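*Asks:* File name data31.txt; file contents compact mmCIF, C-alpha atoms and all ligand atoms; full text below.
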```
# COMPACT_ATOMS: atom_id res chain seq x y z
CA MET F 1 -3.17 10.56 -33.01
CA THR F 2 -5.00 9.93 -29.76
CA THR F 3 -4.95 6.27 -28.76
CA TYR F 4 -7.01 4.47 -26.18
CA ALA F 5 -5.48 2.03 -23.68
CA LYS F 6 -8.04 0.43 -21.38
CA GLY F 7 -6.99 0.90 -17.76
CA LEU F 8 -4.24 3.25 -19.06
CA GLU F 9 -2.07 0.20 -19.72
CA GLY F 10 1.30 1.24 -21.10
CA VAL F 11 0.47 4.96 -20.83
CA ILE F 12 3.14 7.23 -19.34
CA ALA F 13 1.27 9.61 -17.04
CA ASN F 14 4.13 11.71 -15.68
CA GLU F 15 7.86 11.89 -14.99
CA SER F 16 9.32 10.66 -11.71
CA ALA F 17 12.79 10.08 -10.32
CA LEU F 18 11.52 8.14 -7.31
CA SER F 19 11.06 4.49 -8.17
CA ASN F 20 11.97 2.52 -11.24
CA VAL F 21 9.66 -0.44 -11.86
CA GLU F 22 11.23 -2.60 -14.58
CA GLY F 23 8.45 -4.96 -15.53
CA ALA F 24 10.22 -7.16 -18.07
CA GLU F 25 13.32 -7.67 -15.92
CA GLY F 26 11.51 -7.87 -12.56
CA ARG F 27 13.58 -5.13 -10.97
CA LEU F 28 12.66 -2.33 -8.57
CA SER F 29 14.85 0.52 -7.36
CA TYR F 30 14.33 3.75 -5.44
CA LEU F 31 16.45 6.70 -6.66
CA GLY F 32 18.93 4.28 -8.22
CA TYR F 33 19.23 1.91 -5.24
CA GLY F 34 17.93 -1.59 -5.86
CA ILE F 35 15.52 -2.90 -3.25
CA ASP F 36 17.86 -5.82 -2.46
CA THR F 37 20.61 -3.52 -1.23
CA LEU F 38 18.15 -1.21 0.53
CA VAL F 39 16.60 -4.11 2.43
CA GLU F 40 20.06 -5.39 3.33
CA ASN F 41 21.59 -2.09 4.45
CA CYS F 42 18.96 0.51 5.26
CA SER F 43 16.09 1.08 7.67
CA PHE F 44 12.63 2.26 6.59
CA GLU F 45 13.53 5.68 8.01
CA GLU F 46 16.56 5.87 5.70
CA VAL F 47 14.35 4.87 2.76
CA THR F 48 11.83 7.56 3.73
CA TYR F 49 14.63 10.13 3.77
CA LEU F 50 15.82 8.85 0.38
CA LEU F 51 12.35 9.22 -1.15
CA HIS F 52 11.76 12.66 0.36
CA ASN F 53 15.21 14.11 -0.29
CA GLY F 54 16.52 12.22 -3.31
CA ARG F 55 19.59 10.88 -1.51
CA LEU F 56 20.44 8.68 1.47
CA PRO F 57 20.94 10.52 4.76
CA LYS F 58 24.22 11.03 6.60
CA GLN F 59 24.13 9.81 10.22
CA ASP F 60 23.20 13.21 11.69
CA GLU F 61 20.47 13.67 9.07
CA LEU F 62 19.04 10.25 9.87
CA ASN F 63 19.12 11.06 13.59
CA ALA F 64 17.27 14.30 12.92
CA LEU F 65 14.63 12.54 10.78
CA GLU F 66 14.06 9.84 13.40
CA LYS F 67 13.72 12.48 16.11
CA ARG F 68 11.35 14.49 13.94
CA LEU F 69 9.09 11.49 13.23
CA ARG F 70 9.15 10.26 16.83
CA SER F 71 8.19 13.67 18.21
CA ASP F 72 5.12 13.83 15.95
CA ARG F 73 3.27 10.73 17.13
CA GLU F 74 0.55 12.38 19.21
CA LEU F 75 -2.83 12.61 17.45
CA PRO F 76 -5.16 15.62 17.80
CA ALA F 77 -7.81 15.01 20.52
CA GLY F 78 -10.57 15.25 17.89
CA VAL F 79 -9.03 12.37 15.93
CA ILE F 80 -8.64 10.29 19.11
CA ASP F 81 -12.33 10.94 19.91
CA PHE F 82 -13.29 9.77 16.42
CA LEU F 83 -11.15 6.62 16.74
CA LYS F 84 -12.81 5.83 20.07
CA SER F 85 -16.31 6.37 18.74
CA ALA F 86 -15.92 4.67 15.34
CA PRO F 87 -17.96 1.44 14.99
CA LYS F 88 -16.00 -1.48 16.45
CA ASP F 89 -16.64 -3.55 13.33
CA ALA F 90 -15.52 -0.90 10.84
CA SER F 91 -12.86 -1.72 8.29
CA PRO F 92 -9.55 -0.31 9.60
CA MET F 93 -8.86 1.03 6.09
CA ASP F 94 -12.09 3.04 6.23
CA VAL F 95 -11.13 4.31 9.66
CA LEU F 96 -7.65 5.23 8.44
CA ARG F 97 -9.07 7.02 5.41
CA THR F 98 -11.47 9.03 7.58
CA ALA F 99 -8.89 9.80 10.28
CA VAL F 100 -6.28 10.99 7.77
CA SER F 101 -8.94 13.22 6.26
CA MET F 102 -9.69 14.51 9.79
CA LEU F 103 -6.01 15.28 10.42
CA GLY F 104 -6.40 17.92 7.72
CA LEU F 105 -9.04 19.69 9.84
CA TYR F 106 -6.52 20.20 12.62
CA ASP F 107 -3.49 21.20 10.53
CA LYS F 108 -3.45 24.88 9.65
CA ARG F 109 -0.44 24.25 7.37
CA ALA F 110 -2.73 22.38 4.98
CA THR F 111 -3.96 24.88 2.44
CA ILE F 112 -5.13 24.84 -1.15
CA GLY F 113 -3.64 26.84 -3.99
CA GLU F 114 -0.04 27.68 -4.79
CA PRO F 115 2.19 25.17 -2.98
CA ASN F 116 4.67 25.99 -0.26
CA ILE F 117 7.10 23.08 -0.58
CA ALA F 118 8.77 23.63 2.81
CA LYS F 119 5.41 23.51 4.56
CA ASP F 120 4.27 20.56 2.46
CA ALA F 121 7.45 18.63 3.30
CA GLU F 122 6.60 19.07 7.00
CA ILE F 123 3.06 17.78 6.41
CA ALA F 124 4.55 14.81 4.56
CA LEU F 125 6.60 13.84 7.62
CA SER F 126 3.65 14.35 9.95
CA LEU F 127 1.66 11.91 7.83
CA VAL F 128 4.45 9.31 7.95
CA ALA F 129 4.58 9.72 11.74
CA LYS F 130 0.84 9.66 12.40
CA THR F 131 -0.66 7.02 10.08
CA PRO F 132 0.72 4.08 12.13
CA VAL F 133 -0.59 5.64 15.33
CA ILE F 134 -4.06 5.99 13.80
CA VAL F 135 -4.13 2.33 12.75
CA ALA F 136 -2.85 1.11 16.11
CA ALA F 137 -5.12 3.39 18.15
CA TYR F 138 -8.24 2.19 16.36
CA HIS F 139 -7.13 -1.41 16.80
CA ARG F 140 -6.68 -0.90 20.56
CA PHE F 141 -9.92 1.05 21.02
CA ARG F 142 -12.03 -1.46 19.11
CA GLN F 143 -10.94 -4.10 21.63
CA GLY F 144 -11.87 -1.82 24.53
CA LEU F 145 -8.16 -1.24 25.30
CA LYS F 146 -6.25 1.97 25.87
CA LEU F 147 -3.55 3.13 23.50
CA PRO F 148 -0.21 2.66 25.28
CA PRO F 149 1.63 5.97 25.72
CA VAL F 150 3.50 6.85 22.54
CA ARG F 151 7.27 6.42 22.91
CA GLU F 152 10.17 8.23 21.30
CA ASP F 153 12.77 5.48 21.76
CA LEU F 154 11.38 3.08 19.16
CA SER F 155 11.77 2.99 15.37
CA GLU F 156 8.74 3.25 13.12
CA ALA F 157 8.36 -0.52 12.78
CA ALA F 158 9.02 -1.26 16.46
CA HIS F 159 6.68 1.50 17.61
CA PHE F 160 3.78 0.20 15.53
CA LEU F 161 4.20 -3.32 16.93
CA TYR F 162 4.49 -1.87 20.43
CA LEU F 163 1.27 0.12 20.03
CA ILE F 164 -0.82 -2.78 18.75
CA THR F 165 0.43 -5.27 21.36
CA GLY F 166 1.28 -2.98 24.29
CA GLU F 167 4.73 -4.58 24.52
CA ALA F 168 8.08 -3.69 22.99
CA PRO F 169 8.59 -6.17 20.12
CA SER F 170 11.51 -8.55 19.57
CA GLU F 171 14.34 -7.43 17.33
CA ALA F 172 13.40 -10.12 14.83
CA ALA F 173 9.78 -8.97 14.56
CA THR F 174 10.89 -5.34 14.22
CA ARG F 175 13.36 -6.25 11.49
CA THR F 176 10.71 -8.24 9.62
CA LEU F 177 8.23 -5.36 9.62
CA ASP F 178 10.97 -2.89 8.74
CA VAL F 179 11.86 -4.96 5.66
CA ALA F 180 8.19 -5.16 4.67
CA TYR F 181 7.89 -1.37 5.06
CA THR F 182 10.91 -0.81 2.81
CA LEU F 183 9.58 -3.18 0.16
CA HIS F 184 6.19 -1.40 0.10
CA ALA F 185 7.49 2.18 0.27
CA ASP F 186 7.05 3.22 -3.35
CA HIS F 187 6.12 1.68 -6.69
CA GLY F 188 5.90 3.95 -9.69
CA MET F 189 2.49 4.96 -10.97
CA ASN F 190 0.45 2.36 -9.14
CA ALA F 191 -3.26 3.15 -8.74
CA SER F 192 -3.13 4.72 -5.27
CA THR F 193 -0.12 6.90 -6.07
CA PHE F 194 -1.84 7.99 -9.25
CA SER F 195 -4.91 8.97 -7.19
CA ALA F 196 -2.74 11.01 -4.84
CA ARG F 197 -1.06 12.80 -7.74
CA VAL F 198 -4.35 13.47 -9.56
CA THR F 199 -5.79 15.01 -6.39
CA ILE F 200 -2.79 17.18 -5.51
CA ALA F 201 -2.42 18.29 -9.13
CA THR F 202 -5.63 20.31 -8.77
CA LEU F 203 -3.74 22.19 -6.01
CA SER F 204 -5.99 20.61 -3.42
CA ASP F 205 -4.45 20.06 0.03
CA PHE F 206 -2.03 17.32 1.08
CA TYR F 207 -4.50 15.47 3.30
CA SER F 208 -7.02 15.22 0.47
CA ALA F 209 -4.36 13.62 -1.73
CA ILE F 210 -3.44 10.98 0.85
CA THR F 211 -7.12 10.35 1.62
CA SER F 212 -7.66 9.64 -2.09
CA ALA F 213 -4.70 7.29 -2.08
CA ILE F 214 -5.92 5.31 0.94
CA GLY F 215 -9.36 4.90 -0.63
CA THR F 216 -7.70 3.57 -3.77
CA LEU F 217 -5.28 1.22 -2.04
CA LYS F 218 -8.00 -0.66 -0.18
CA GLY F 219 -9.50 -2.34 -3.25
CA PRO F 220 -8.76 -6.07 -3.68
CA LEU F 221 -7.15 -5.52 -7.08
CA HIS F 222 -4.53 -3.34 -5.35
CA GLY F 223 -3.38 -3.32 -1.69
CA GLY F 224 -6.48 -5.11 -0.44
CA ALA F 225 -5.22 -8.31 -2.07
CA ASN F 226 -2.97 -9.09 0.92
CA GLU F 227 -6.01 -9.62 3.13
CA GLY F 228 -7.62 -11.64 0.32
CA VAL F 229 -4.63 -13.99 0.30
CA ILE F 230 -5.06 -15.00 3.94
CA HIS F 231 -8.82 -15.39 3.51
CA MET F 232 -8.09 -17.66 0.52
CA LEU F 233 -5.55 -19.76 2.43
CA GLN F 234 -7.97 -20.12 5.35
CA GLU F 235 -10.76 -21.10 2.95
CA ILE F 236 -8.57 -23.75 1.32
CA GLY F 237 -7.41 -25.07 4.71
CA ASP F 238 -5.06 -27.86 3.56
CA LEU F 239 -2.33 -28.46 1.02
CA ASP F 240 -4.20 -31.34 -0.62
CA LYS F 241 -7.18 -29.06 -1.37
CA VAL F 242 -5.16 -26.45 -3.28
CA ASP F 243 -5.33 -27.98 -6.77
CA ASP F 244 -9.13 -28.35 -6.73
CA TYR F 245 -9.57 -24.88 -5.29
CA VAL F 246 -7.44 -23.22 -7.97
CA ALA F 247 -9.05 -25.30 -10.73
CA GLY F 248 -12.50 -24.19 -9.49
CA LYS F 249 -11.45 -20.55 -9.46
CA MET F 250 -10.05 -20.81 -12.98
CA ALA F 251 -13.20 -22.55 -14.25
CA ARG F 252 -15.32 -19.72 -12.81
CA LYS F 253 -12.87 -17.13 -14.20
CA GLU F 254 -12.25 -15.77 -10.72
CA LYS F 255 -8.99 -14.13 -9.66
CA ILE F 256 -6.46 -15.69 -7.30
CA MET F 257 -5.46 -12.98 -4.86
CA GLY F 258 -1.78 -12.00 -4.76
CA ILE F 259 -1.14 -13.28 -8.29
CA GLY F 260 -0.57 -11.22 -11.44
CA HIS F 261 0.61 -7.70 -12.01
CA ARG F 262 0.00 -4.98 -14.58
CA VAL F 263 3.70 -4.17 -15.01
CA TYR F 264 5.73 -7.21 -13.88
CA LYS F 265 5.69 -9.89 -16.52
CA VAL F 266 8.09 -11.96 -14.41
CA LEU F 267 8.26 -12.44 -10.64
CA ASP F 268 7.67 -9.27 -8.58
CA PRO F 269 11.17 -8.60 -7.12
CA ARG F 270 9.66 -7.92 -3.69
CA ALA F 271 8.12 -11.39 -3.52
CA PRO F 272 11.34 -13.40 -2.91
CA HIS F 273 12.22 -11.26 0.13
CA LEU F 274 8.78 -11.77 1.62
CA ARG F 275 8.74 -15.44 0.65
CA LYS F 276 12.01 -16.02 2.52
CA LEU F 277 10.61 -14.32 5.61
CA ALA F 278 7.34 -16.25 5.30
CA ILE F 279 9.18 -19.59 5.13
CA GLN F 280 11.29 -18.75 8.17
CA LEU F 281 8.40 -17.39 10.25
CA THR F 282 5.91 -20.17 9.52
CA GLU F 283 8.60 -22.71 10.43
CA GLU F 284 9.22 -20.95 13.74
CA LEU F 285 5.47 -20.82 14.32
CA GLY F 286 5.15 -24.55 13.60
CA GLU F 287 2.57 -23.79 10.89
CA PRO F 288 4.34 -24.60 7.61
CA LYS F 289 1.03 -25.35 5.89
CA TRP F 290 0.49 -21.66 5.04
CA ILE F 291 3.66 -21.43 3.02
CA GLN F 292 3.20 -24.92 1.56
CA MET F 293 -0.24 -23.96 0.24
CA SER F 294 1.14 -20.67 -1.07
CA GLU F 295 3.98 -22.43 -2.89
CA ARG F 296 1.57 -24.83 -4.56
CA ILE F 297 -0.76 -21.99 -5.67
CA ALA F 298 2.20 -20.03 -7.06
CA THR F 299 3.45 -23.09 -8.98
CA ILE F 300 0.07 -23.83 -10.53
CA MET F 301 -0.45 -20.20 -11.58
CA ARG F 302 3.04 -19.95 -13.03
CA GLU F 303 2.84 -23.24 -14.93
CA GLN F 304 -0.74 -23.01 -16.13
CA LYS F 305 -1.30 -19.27 -16.57
CA SER F 306 2.22 -17.80 -16.75
CA LEU F 307 1.23 -15.53 -13.87
CA ASN F 308 3.52 -14.84 -10.91
CA ALA F 309 3.18 -13.88 -7.28
CA ASN F 310 3.07 -10.17 -6.49
CA VAL F 311 4.06 -8.30 -3.31
CA ASP F 312 0.74 -9.11 -1.61
CA PHE F 313 1.10 -12.87 -1.98
CA TYR F 314 3.75 -13.57 0.67
CA SER F 315 3.37 -10.40 2.77
CA ALA F 316 0.06 -11.83 3.95
CA THR F 317 1.76 -14.88 5.48
CA VAL F 318 4.50 -12.70 6.95
CA TYR F 319 1.99 -10.48 8.78
CA TYR F 320 -0.09 -13.49 9.83
CA SER F 321 3.04 -15.09 11.32
CA LEU F 322 3.78 -11.91 13.25
CA GLY F 323 0.36 -12.34 14.89
CA ILE F 324 -1.10 -9.28 13.16
CA PRO F 325 -4.89 -9.41 12.61
CA THR F 326 -5.84 -9.82 8.94
CA ASP F 327 -7.73 -6.54 8.62
CA LEU F 328 -4.57 -4.62 9.54
CA PHE F 329 -2.60 -6.01 6.56
CA THR F 330 -3.75 -3.36 4.07
CA PRO F 331 -3.40 -0.57 6.65
CA ILE F 332 0.22 -1.72 7.12
CA PHE F 333 0.69 -1.42 3.37
CA ALA F 334 -0.76 2.12 3.65
CA ILE F 335 1.62 2.99 6.51
CA ALA F 336 4.64 1.99 4.42
CA ARG F 337 3.31 3.52 1.19
CA THR F 338 2.72 6.85 2.96
CA ALA F 339 6.48 7.37 2.55
CA GLY F 340 6.09 6.99 -1.23
CA TRP F 341 2.74 8.76 -1.59
CA THR F 342 4.05 11.82 0.24
CA ALA F 343 7.27 11.83 -1.80
CA GLN F 344 5.23 11.56 -4.99
CA VAL F 345 2.91 14.38 -3.93
CA LEU F 346 5.93 16.61 -3.24
CA GLU F 347 7.41 15.66 -6.61
CA GLN F 348 4.11 16.48 -8.34
CA LEU F 349 3.96 19.89 -6.64
CA ARG F 350 7.51 20.75 -7.69
CA ASP F 351 6.53 20.52 -11.35
CA ASN F 352 2.77 20.50 -11.44
CA ARG F 353 0.34 20.13 -14.26
CA LEU F 354 -3.34 19.20 -13.95
CA TYR F 355 -4.22 15.62 -14.99
CA ARG F 356 -7.06 15.68 -17.44
CA PRO F 357 -7.16 12.73 -19.85
CA LEU F 358 -9.89 12.19 -22.41
CA THR F 359 -12.66 9.64 -22.59
CA LEU F 360 -13.63 7.62 -25.64
CA TYR F 361 -17.26 8.63 -25.81
CA THR F 362 -19.57 5.68 -26.55
CA GLY F 363 -22.97 7.32 -26.01
CA PRO F 364 -25.45 8.63 -28.59
CA VAL F 365 -24.04 11.16 -31.03
CA GLU F 366 -27.25 12.39 -32.63
CA LEU F 367 -28.69 15.11 -30.39
CA LYS F 368 -32.19 14.36 -29.11
CA GLU F 369 -35.12 16.57 -28.11
CA VAL F 370 -36.17 16.28 -24.44
CA GLU F 371 -39.54 14.56 -24.41
CA PRO F 372 -42.13 15.81 -21.92
CA ILE F 373 -41.79 13.64 -18.79
CA ALA F 374 -45.22 12.04 -19.21
CA GLU F 375 -44.27 10.79 -22.69
CA ARG F 376 -40.85 9.22 -21.93
C1 LIG F 401 0.23 -4.11 -4.70
C2 LIG F 401 -0.55 -4.49 -5.85
O1 LIG F 401 -1.44 -3.77 -6.17
S1 LIG F 401 -0.12 -5.87 -6.65
C3 LIG F 401 -1.66 -6.47 -7.32
C4 LIG F 401 -2.57 -6.95 -6.24
N1 LIG F 401 -3.82 -7.51 -6.78
C5 LIG F 401 -4.05 -8.84 -6.82
O2 LIG F 401 -3.25 -9.65 -6.40
C6 LIG F 401 -5.40 -9.24 -7.35
C7 LIG F 401 -5.28 -10.36 -8.35
N2 LIG F 401 -4.65 -9.90 -9.57
C8 LIG F 401 -5.33 -9.20 -10.52
O3 LIG F 401 -6.53 -8.95 -10.40
C9 LIG F 401 -4.59 -8.71 -11.74
O4 LIG F 401 -3.48 -9.54 -12.02
C10 LIG F 401 -4.10 -7.26 -11.57
C11 LIG F 401 -5.29 -6.37 -11.18
C12 LIG F 401 -3.04 -7.15 -10.52
C13 LIG F 401 -3.52 -6.77 -12.90
O5 LIG F 401 -4.58 -6.64 -13.76
P1 LIG F 401 -4.49 -6.39 -15.33
O6 LIG F 401 -3.14 -5.97 -15.73
O7 LIG F 401 -5.61 -5.50 -15.68
O8 LIG F 401 -4.69 -7.82 -15.92
P2 LIG F 401 -6.08 -8.49 -16.24
O9 LIG F 401 -6.99 -8.48 -15.04
O10 LIG F 401 -6.62 -7.89 -17.49
O11 LIG F 401 -5.63 -9.99 -16.49
C14 LIG F 401 -5.05 -10.45 -17.71
C15 LIG F 401 -5.36 -11.93 -17.83
O12 LIG F 401 -4.75 -12.64 -16.75
C16 LIG F 401 -5.72 -13.22 -15.92
N3 LIG F 401 -5.36 -12.96 -14.53
C17 LIG F 401 -4.68 -11.90 -14.06
N4 LIG F 401 -4.52 -12.00 -12.74
C18 LIG F 401 -5.11 -13.13 -12.38
C19 LIG F 401 -5.28 -13.76 -11.14
N5 LIG F 401 -4.82 -13.23 -10.02
N6 LIG F 401 -5.95 -14.93 -11.11
C20 LIG F 401 -6.42 -15.47 -12.25
N7 LIG F 401 -6.31 -14.93 -13.45
C21 LIG F 401 -5.65 -13.75 -13.50
C22 LIG F 401 -7.03 -12.52 -16.26
O13 LIG F 401 -8.15 -13.30 -15.97
C23 LIG F 401 -6.85 -12.25 -17.71
O14 LIG F 401 -7.08 -13.43 -18.41
P3 LIG F 401 -7.81 -13.41 -19.86
O15 LIG F 401 -6.89 -12.59 -20.74
O16 LIG F 401 -7.89 -14.84 -20.21
O17 LIG F 401 -9.12 -12.74 -19.64
O1 LIG F 402 2.39 -1.06 -9.16
C1 LIG F 402 1.25 -1.53 -9.08
O2 LIG F 402 0.41 -1.50 -9.99
C2 LIG F 402 0.81 -2.18 -7.82
C3 LIG F 402 1.94 -2.50 -6.91
O3 LIG F 402 2.61 -3.48 -7.06
C4 LIG F 402 2.22 -1.57 -5.84
O4 LIG F 402 1.56 -0.53 -5.73
O5 LIG F 402 3.12 -1.85 -5.03
```
What is this structure when it is put down as structure tokens?
*Replies:*
Amino acid sequence: MTTYAKGLEGVIANESALSNVEGAEGRLSYLGYGIDTLVENCSFEEVTYLLHNGRLPKQDELNALEKRLRSDRELPAGVIDFLKSAPKDASPMDVLRTAVSMLGLYDKRATIGEPNIAKDAEIALSLVAKTPVIVAAYHRFRQGLKLPPVREDLSEAAHFLYLITGEAPSEAATRTLDVAYTLHADHGMNASTFSARVTIATLSDFYSAITSAIGTLKGPLHGGANEGVIHMLQEIGDLDKVDDYVAGKMARKEKIMGIGHRVYKVLDPRAPHLRKLAIQLTEELGEPKWIQMSERIATIMREQKSLNANVDFYSATVYYSLGIPTDLFTPIFAIARTAGWTAQVLEQLRDNRLYRPLTLYTGPVELKEVEPIAER
């Protein structure tokens, strides 16, 4: 019997060995490694290797991956020209989506049809290497600044912070972003990953799949919620205004950004890591009000609606505390998720089948005659 689940809730769309999202328990692991131990012991580069290769790297393999990513940071001149000429007030997610699509124009390895996994694995790494440079370059150009020369001596997280500020970041800031990258790297059949897999499953090219994913991530019900959280906190302004604000939202049946999740019925396991960082960073910044407001919102939503914070709720305050402009929050999510999207695309290609679900037709069933246009 064919059943209908609105929004595909509870539907298993494919098989994957990459990330295990355990909604009832509030657990997340990549290839059998829980995120707690990965955050504690591994860099984002190690996690990228894990997702792409199915196992953690040995030291020489990690060195080779880091070298490979760091040597692939230059963007094609045509993409740089686009980033310089893009409207200064464009959404960085729109710019990223367009620039990633453009990368495909300059990469002869990107073809349609029967996959070549070795070639596709190279494209996957190029995408991981280049997406942060695209985001940073646009951010610099929109301010009328030059992009600092790309460097090969900095990790993925450090290099991104260096490019947006022009200065090598502190170890603490690098570590914070690295942890955030690891926590965002992959997450089962979330909407943007699903988009990427649907696109690649037609045997379209790799860049088209990641372009689809970026377009899907930007919506406020998905990755775009992290920017919505900061806008909400700024709108509220003070701790003593939180209760009225949330009550107003509930009365109008509006969503609180960063709260709720399709799969997690308990706290998102990424949230406590980001919460801890947010507490520490806002204290150092002397601006504890952001985390105080967040804590109050989370408490009200938990107590009154049985809804919990998701990954976007505290990441927003973490990025804000690092001095990152709000409209780069979702692009940062995209940078980290590129590790997972590309791994998922490769996994799809290794055992591909076209996605083609059905629709529950609700239109007229009786066939009609076409009336002459003057009589309609
Ligand atoms: C990385 C990520 O993508 S994590 C998710 C990021 N998105 C957000 O933070 C946006 C806010 N959250 C939401 O919109 C939702 O919780 C989603 C999109 C994440 C999940 O959506 P769904 O599983 O489809 O749940 P749905 O939207 O049907 O909500 C179920 C019920 O909870 C309520 N609800 C869910 N989330 C929220 C919220 N953030 N604020 C207020 N009410 C909420 C709904 O109003 C609905 O109530 P009702 O049954 O009385 O009508
Ligand atoms: O899994 C989801 O639906 C959304 C999410 O948390 C993610 O993509 O990280």
*Asks:* Find the residues near range 319-330 of chain F: any atom within 8 Å, counting only C-alpha atoms, skip ones fewer than 5 places away on the same chain, and give them as a list of chain:residue names.
*Replies:* F:Ser91, F:Pro92, F:Met93, F:Val135, F:Ala173, F:Leu217, F:Lys218, F:Gly223, F:Gly224, F:Asn226, F:Glu227, F:Ile230, F:Ala278, F:Leu281, F:Thr282, F:Leu285
*Asks:* Report, in Å to a single decimal, how far apart atom P2 of ligand LIG 401 (chain F) and CA of Ala339 in chain F are.
*Replies:*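 Computed distance, CA of Ala339 in chain F to atom P2 of ligand LIG 401 (chain F), equals 27.6 Å.
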*Asks:* Per residue of chain F within 8 Å of ligand LIG 402 (chain F), what are the shortest atom pair and its distance in Å to one decimal, counting all atoms listed in the file, with rows by chain and residue number, as a tab-separated table?
*Replies:*
```
residue	atom	partner	partner_atom	distance
F:Val21	CA	F:LIG402	O1	7.8
F:His184	CA	F:LIG402	O5	6.0
F:Ala185	CA	F:LIG402	O5	8.0
F:Asp186	CA	F:LIG402	O5	6.6
F:His187	CA	F:LIG402	O5	4.9
F:Gly188	CA	F:LIG402	O1	6.1
F:Met189	CA	F:LIG402	O1	6.3
F:Asn190	CA	F:LIG402	O1	3.9
F:Ala191	CA	F:LIG402	O2	6.1
F:Ser192	CA	F:LIG402	O4	7.1
F:Thr193	CA	F:LIG402	O4	7.6
F:Leu217	CA	F:LIG402	O4	8.0
F:His222	CA	F:LIG402	C2	6.0
F:Gly223	CA	F:LIG402	O4	7.0
F:His261	CA	F:LIG402	O2	6.5
F:Arg262	CA	F:LIG402	O2	5.8
F:Val263	CA	F:LIG402	O2	6.6
F:Asp268	CA	F:LIG402	O3	7.8
F:Asn310	CA	F:LIG402	O3	6.7
F:Val311	CA	F:LIG402	O3	6.3
```
*Asks:* Please indicate the distance in Å from CA of Ile35 in chain F to CA of Gly228 in chain F, rounded to one decimal place.
*Replies:*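 For CA of Ile35 in chain F relative to CA of Gly228 in chain F, the distance reads 25.0 Å.
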*Asks:* For CA of Leu360 in chain F and CA of Val11 in chain F, quote the distance in Å rounded to one decimal.
*Replies:*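 Going from CA of Leu360 in chain F over to CA of Val11 in chain F covers 15.1 Å.
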*Asks:* Tell me which of F:Ala247, F:Ala129, F:Ala137, F:Leu221 sits closest to Gln304 in chain F, counting all atoms listed in the file.
*Replies:*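 Using all atoms listed in the file, Gln304 in chain F sits closest to F:Ala247.
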*Asks:* Around (10.6, -23.7, 5.0), as given in the file, which residues come within 12 Å? Count only C-alpha atoms and list them as a list in words.
*Replies:*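 Checked against the point, the hits come out as Arg275, Lys276, Leu277, Ala278, Ile279, Gln280, Leu281, Thr282, Glu283, Glu284, Leu285, Gly286, Glu287, Pro288, Lys289, Trp290, Ile291, Gln292, Met293, Ser294 and Glu295 of chain F.
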